[in-house]
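Asker: Sharing data-v3.txt here; it has compact mmCIF, C-alpha atoms.
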```
# COMPACT_ATOMS: atom_id res chain seq x y z
CA MET A 1 31.62 -52.86 -23.94
CA PRO A 2 29.16 -50.67 -25.84
CA LEU A 3 26.91 -48.44 -23.76
CA PRO A 4 23.89 -47.76 -25.98
CA PHE A 5 22.30 -45.32 -23.54
CA LEU A 6 25.31 -43.01 -23.79
CA THR A 7 24.87 -42.04 -27.41
CA ALA A 8 21.87 -41.20 -29.46
CA ASP A 9 21.44 -42.93 -32.77
CA ARG A 10 23.77 -41.59 -35.42
CA ALA A 11 20.76 -41.47 -37.74
CA PHE A 12 19.38 -38.53 -35.76
CA ASP A 13 22.39 -36.44 -36.73
CA THR A 14 22.03 -36.91 -40.46
CA ALA A 15 19.96 -34.52 -42.47
CA ASP A 16 18.44 -36.76 -45.11
CA ASP A 17 14.95 -36.48 -46.50
CA LEU A 18 13.34 -38.73 -43.89
CA ALA A 19 11.36 -36.88 -41.24
CA LEU A 20 12.13 -39.51 -38.60
CA PRO A 21 15.23 -41.55 -39.43
CA HIS A 22 15.19 -44.74 -37.41
CA HIS A 23 15.78 -48.44 -37.78
CA ASP A 24 13.81 -50.14 -35.02
CA ARG A 25 10.83 -47.97 -34.23
CA ASP A 26 9.77 -50.00 -31.18
CA ARG A 27 13.06 -49.53 -29.32
CA TRP A 28 13.21 -46.70 -26.79
CA ARG A 29 15.73 -44.09 -27.92
CA ARG A 30 16.86 -40.67 -26.82
CA PRO A 31 16.76 -38.29 -29.81
CA TYR A 32 19.78 -36.35 -28.57
CA ARG A 33 23.16 -36.99 -27.02
CA PRO A 34 23.64 -36.49 -23.29
CA GLY A 35 25.12 -33.09 -22.60
CA PRO A 36 28.61 -32.35 -21.34
CA TRP A 37 27.39 -31.43 -17.86
CA ARG A 38 25.65 -34.78 -17.44
CA VAL A 39 28.57 -36.77 -18.87
CA GLY A 40 31.08 -34.80 -16.80
CA ALA A 41 29.16 -35.40 -13.58
CA ALA A 42 28.90 -39.12 -14.36
CA ALA A 43 32.63 -39.25 -15.14
CA LEU A 44 33.46 -37.63 -11.81
CA LEU A 45 31.19 -40.10 -10.01
CA LEU A 46 32.89 -43.01 -11.76
CA LEU A 47 36.30 -41.57 -10.87
CA PHE A 48 35.21 -41.37 -7.24
CA ALA A 49 33.91 -44.96 -7.46
CA SER A 50 37.32 -46.13 -8.67
CA PHE A 51 38.97 -44.66 -5.57
CA VAL A 52 36.33 -46.27 -3.36
CA LEU A 53 36.91 -49.63 -5.09
CA PHE A 54 40.63 -49.24 -4.51
CA ALA A 55 39.90 -48.60 -0.83
CA ALA A 56 37.72 -51.73 -0.77
CA VAL A 57 40.61 -53.81 -2.13
CA ILE A 58 42.97 -52.39 0.49
CA LEU A 59 40.41 -53.10 3.21
CA ALA A 60 39.96 -56.63 1.93
CA PHE A 61 43.67 -57.29 2.59
CA THR A 62 44.05 -55.34 5.83
CA ALA A 63 40.66 -55.40 7.58
CA THR A 64 37.69 -57.69 7.89
CA ALA A 65 35.66 -58.89 4.93
CA GLY A 66 32.57 -57.13 6.30
CA GLU A 67 34.23 -53.72 6.22
CA ALA A 68 35.50 -54.34 2.69
CA GLY A 69 32.02 -55.48 1.68
CA VAL A 70 30.44 -52.28 2.98
CA VAL A 71 32.93 -50.11 1.08
CA PHE A 72 32.43 -52.25 -2.03
CA GLY A 73 28.66 -51.74 -1.67
CA VAL A 74 29.18 -47.96 -1.49
CA ALA A 75 31.25 -48.09 -4.69
CA LEU A 76 28.58 -50.17 -6.38
CA ALA A 77 25.90 -47.65 -5.36
CA VAL A 78 27.98 -44.78 -6.79
CA ILE A 79 28.43 -46.68 -10.07
CA VAL A 80 24.69 -47.40 -10.32
CA GLY A 81 23.98 -43.72 -9.58
CA ALA A 82 26.37 -42.60 -12.33
CA LEU A 83 24.78 -44.93 -14.87
CA ARG A 84 21.28 -43.81 -13.84
CA LEU A 85 22.38 -40.18 -14.25
CA LEU A 86 23.34 -40.95 -17.85
CA ARG A 87 19.87 -42.41 -18.56
CA VAL A 88 17.99 -39.31 -17.37
CA GLY A 89 16.13 -37.53 -20.17
CA ALA A 90 13.32 -37.85 -22.68
CA TRP A 91 13.05 -41.11 -24.64
CA VAL A 92 10.70 -41.88 -27.55
CA SER A 93 9.38 -44.93 -29.37
CA THR A 94 6.21 -45.85 -31.24
CA ARG A 95 4.62 -46.67 -27.88
CA GLY A 96 4.96 -43.18 -26.43
CA VAL A 97 7.25 -40.70 -24.77
CA ARG A 98 9.13 -41.65 -21.62
CA GLN A 99 10.48 -39.13 -19.15
CA VAL A 100 13.28 -40.77 -17.19
CA GLY A 101 14.22 -39.06 -13.95
CA PHE A 102 16.88 -40.06 -11.47
CA PHE A 103 14.40 -41.75 -9.13
CA SER A 104 11.33 -42.26 -11.31
CA THR A 105 10.21 -42.93 -14.86
CA ARG A 106 6.95 -41.77 -16.41
CA THR A 107 5.69 -43.15 -19.72
CA THR A 108 2.86 -41.51 -21.63
CA PRO A 109 1.39 -43.37 -24.64
CA TRP A 110 1.05 -41.31 -27.80
CA ASP A 111 -2.72 -41.67 -27.83
CA ARG A 112 -2.89 -39.78 -24.50
CA VAL A 113 -0.65 -36.94 -25.76
CA VAL A 114 -2.60 -33.87 -26.87
CA ALA A 115 0.42 -31.71 -27.76
CA VAL A 116 4.17 -31.44 -27.40
CA ARG A 117 5.32 -27.84 -27.68
CA THR A 118 8.12 -25.49 -26.79
CA VAL A 119 7.25 -22.59 -24.51
CA GLN A 120 9.19 -19.61 -23.18
CA ARG A 121 9.13 -19.64 -19.37
CA PRO A 122 11.29 -19.59 -16.26
CA VAL A 123 13.18 -22.89 -16.03
CA ARG A 124 15.40 -24.42 -13.39
CA TRP A 125 19.14 -24.03 -13.96
CA LEU A 126 20.80 -27.52 -13.90
CA GLY A 127 17.88 -28.81 -11.84
CA LEU A 128 18.70 -26.48 -8.93
CA PRO A 129 16.10 -24.24 -7.26
CA ARG A 130 17.43 -21.16 -9.10
CA THR A 131 15.29 -20.27 -12.13
CA VAL A 132 16.32 -18.40 -15.26
CA GLN A 133 14.42 -17.43 -18.38
CA GLY A 134 14.60 -20.15 -21.00
CA GLN A 135 12.64 -22.56 -23.15
CA ALA A 136 10.97 -25.75 -22.04
CA LEU A 137 9.50 -28.63 -24.02
CA ILE A 138 6.21 -29.48 -22.34
CA LEU A 139 3.92 -32.46 -22.76
CA VAL A 140 0.19 -31.73 -22.70
CA ARG A 141 -1.66 -34.91 -21.78
CA GLN A 142 -5.28 -35.80 -22.37
CA GLY A 143 -7.52 -35.16 -19.36
CA ARG A 144 -4.86 -33.20 -17.45
CA ALA A 145 -5.86 -29.64 -18.39
CA GLU A 146 -6.10 -28.43 -14.77
CA GLN A 147 -2.57 -29.50 -13.87
CA GLU A 148 0.75 -28.01 -14.86
CA PRO A 149 2.00 -29.95 -17.92
CA PRO A 150 5.20 -31.92 -17.28
CA VAL A 151 8.45 -30.52 -18.63
CA LEU A 152 10.35 -33.00 -20.80
CA MET A 153 13.52 -30.90 -21.16
CA THR A 154 14.74 -27.32 -20.91
CA THR A 155 17.45 -25.15 -22.41
CA HIS A 156 19.16 -24.98 -19.02
CA ASN A 157 19.23 -28.63 -17.94
CA ALA A 158 22.38 -30.77 -17.89
CA ASP A 159 21.90 -31.85 -21.51
CA PHE A 160 21.38 -28.49 -23.20
CA LEU A 161 23.08 -25.80 -21.11
CA ALA A 162 24.92 -23.57 -23.64
CA ARG A 163 23.77 -25.86 -26.52
CA HIS A 164 20.68 -24.05 -27.85
CA GLY A 165 20.94 -25.57 -31.31
CA SER A 166 20.91 -29.05 -29.81
CA PHE A 167 17.81 -28.21 -27.79
CA ASP A 168 16.01 -26.98 -30.90
CA ARG A 169 16.89 -30.13 -32.85
CA ALA A 170 15.86 -32.44 -30.00
CA ALA A 171 12.59 -30.56 -29.45
CA ASP A 172 11.81 -30.72 -33.17
CA MET A 173 12.55 -34.44 -33.20
CA ILE A 174 10.25 -35.17 -30.25
CA GLU A 175 7.53 -33.01 -31.78
CA ALA A 176 7.91 -34.95 -35.05
CA TRP A 177 7.58 -38.26 -33.18
CA ALA A 178 4.41 -36.92 -31.54
CA ALA A 179 2.99 -35.80 -34.87
CA GLU A 180 3.78 -39.12 -36.57
CA ASN A 181 2.63 -41.39 -33.76
CA GLY A 182 -0.19 -39.30 -32.30
CA ARG A 183 -3.85 -39.53 -33.15
CA ARG A 184 -4.45 -40.97 -36.59
```
Do you think you could lay out the structure here as structure tokens?
Answerer:
Amino acid sequence: MPLPFLTADRAFDTADDLALPHHDRDRWRRPYRPGPWRVGAAALLLLFASFVLFAAVILAFTATAGEAGVVFGVALAVIVGALRLLRVGAWVSTRGVRQVGFFSTRTTPWDRVVAVRTVQRPVRWLGLPRTVQGQALILVRQGRAEQEPPVLMTTHNADFLARHGSFDRAADMIEAWAAENGRR
């Protein structure tokens, strides 16, 4: 079963003369692959879910159906959480840029985007409260000058920790999408 949210388009990895290689411009796509930290955490969650499912099968044969149903529900929640963890990140299409978080999703149309730029600043390490010096790709929106601009991705999140070249390529790709689809 193919999982399209797991891999970025192979066209993003090629270095041909197109500025924005893509096939279906209206489809939401992540211009980078999920990082090893994110994939590893999702794999561990899925491994845990397999043990919980095994426990649900054992409970189905030895205990009541209600107890087995509760354990099966826990396993299903862990699986949904692992899949949601894999979807977290910045997604682009001709309609705008979408920042997918674990619990929320925010979409900003390109006509409301003033700038997408990389800045040097303290960033959170793997989403934890600890901050380190790094780079962040920020999204400056129209009419939001007084607020802190949202951070699309950083060099120290689960996708780009110890992969600085990948962060630079992904930031350049999102900036190119903003330049192509922004104000005309």
Asker: With only C-alpha atoms as the basis for distance, which of A:Leu152, A:Ala63, A:Val78, A:Leu128 is at the shortest distance from A:Ala170?
Answerer: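 Of all the options, A:Leu152 lies closest to A:Ala170.
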Asker: My list of candidates is A:His156, A:His164, A:Arg169, A:Arg95. Which is closest to A:Gln133 when distances are computed with all atoms listed in the file?
Answerer: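 Counting all atoms listed in the file, the residue closest to A:Gln133 is A:His156.
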Asker: If you count all atoms listed in the file, which residues fall within 10 Å of A:Leu47, apart from same-chain ones fewer than 5 positions away, as a list in words?
Answerer: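 Residues near the query, excluding close chain neighbours: Ala41, Ala42, Val52, Leu53, Val78 and Ile79 of chain A.
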Asker: Next, the residues of the selection above should be written as an mmCIF file, in the frame of the given file with C-alpha atoms.
Answerer:
```
data_model
loop_
_atom_site.group_PDB
_atom_site.id
_atom_site.type_symbol
_atom_site.label_atom_id
_atom_site.label_comp_id
_atom_site.auth_asym_id
_atom_site.auth_seq_id
_atom_site.Cartn_x
_atom_site.Cartn_y
_atom_site.Cartn_z
ATOM 1 C CA ALA A 41 29.160 -35.400 -13.580
ATOM 2 C CA ALA A 42 28.900 -39.120 -14.360
ATOM 3 C CA VAL A 52 36.330 -46.270 -3.360
ATOM 4 C CA LEU A 53 36.910 -49.630 -5.090
ATOM 5 C CA VAL A 78 27.980 -44.780 -6.790
ATOM 6 C CA ILE A 79 28.430 -46.680 -10.070
#
```
Asker: I'd like to know which of A:Trp177, A:Trp125, A:Phe54, A:Phe72 is closest to A:Leu161, using only C-alpha atoms.
Answerer: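 Once distances to A:Leu161 are computed over only C-alpha atoms, the minimum belongs to A:Trp125.
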Asker: Which residues, protein or nucleic acid, reach to within 12 Å of (4.1, -39.0, -19.0) in the file's coordinates when using all atoms listed in the file, and can you give that as JSON, numbers by chain?
Answerer: {"A": [90, 91, 92, 95, 96, 97, 98, 99, 100, 101, 104, 105, 106, 107, 108, 109, 110, 111, 112, 113, 114, 115, 116, 138, 139, 140, 141, 142, 144, 149, 150, 151, 152]}
